[in-house]
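Everything below concerns the one structure shown next.
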Amino acid sequence: MIFRAKANKALDRAEDPRETLDYSYQKQLELLQKVRRGVADVATSRKRLELQLNQLQSQSTKLEDQGRKALALGREDLAREALSRRAALQQQVTDLETQHATLQGEEEKLTLAAQRLQAKVDAFRTKKETIKATYTAAQAQTRIGEAFSGISEEMGDVGLAIQRAEDKTAQLQARAGAIDELLASGALDDQSGMHKDEIQAELDRISGGTDVELELQRMKAELAGGSPQQAIEGGTGQSQSQQQPQDTPRFDKQ
């Protein structure tokens with residue numbers, strides 16, 4: 001029972017109603033074709049009986065004429081023989097007429113059945129196409145709904161891929177930020193020599209400012225007509241005097 005239940009579930013999952021409808025329609029067409037072939041066979045048999053009846057009736061008429069001629073010639077024995085044969089043919093004609101009537105009735109029944117079956121097949125075909133169109137539309141609508149909601153298998157795989165990409169990107173961003181912080185704090189050494197810590201950056205800034213001041217003093221000296229070296233020394237001395245306190249304590253000798 002378990003095997004049958006699982007097999008039934010697998011078949012139900014694999015079954016396509018459109019294929020089932022097409023298969024049923026094909027079987028109905030085959031049945032209709034058989035009925036039509038049966039009608040044709042009965043009609044053929046009826047036609048053969050009609051031909052045999054025509055031949056027997058012709059022979060019966062011929063024997064009747066021969067008996068009449070023999071009786072006119074005084075040959076009563078020949079006339080009696082001709083009438084005897086004609087009587088036997090009449091019995092065959094009667095039997096064939098009975099069979100012909102039976103076949104004709106069967107032909108009419110089969111023709112009516114074929115017409116009814118044809119109407120049924122046509123109605124089934126219309127209903128089949130309607131059901132197939134409705135099923136296809138419902139299937140498409142379901143797939144669209146699953147795609148929008150993200151519960152379909154294909155969209156689920158896409159969603160997982162996007163989530164993995166976002167997680168990996170966030171992990172790389174966090175790692176890059178952590179490395180920058182460690183380089184800035186000096187916990188890691190920059191092998192390329194391009195990264196500088198905060199203290200080195202401050203020293204470079206002060207050194208750069210001093211070079212700018214010296215260059216400015218040299219340009220002022222050139223404009224004033226003095227020696228650039230004197231202007232630089234003067235500027236340097238002035239800078240050093242500015243750095244010393246103005247009120248220097250004096251100690252008197254006692």
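Each chain of the structure tokens is named A, B, ... in the order shown, its residues numbered from 1; ligands are numbered from 1 in display order.
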For A:Leu117, find every residue with an atom within 7 Å (counting only C-alpha atoms), except residues of its own chain fewer than 4 positions away, and show them as a PyMOL selection string. chain A and resi 32+113+121
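Of the listed residues A:Gln57, A:Glu107, A:Leu112, A:Glu64, the one whose atoms come nearest to A:Leu89 is A:Gln57, with distances taken using only C-alpha atoms.
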Report as a ChimeraX atom specification all protein, DNA and RNA residues lying within 12 Å of A:Leu96, evaluated on only C-alpha atoms, omitting residues in the same chain fewer than 4 positions from it. /A:45-57,89-92,100-104
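When atom CA of A:Ala40 is paired with atom CA of A:Thr111, their separation reads 9.3 Å.
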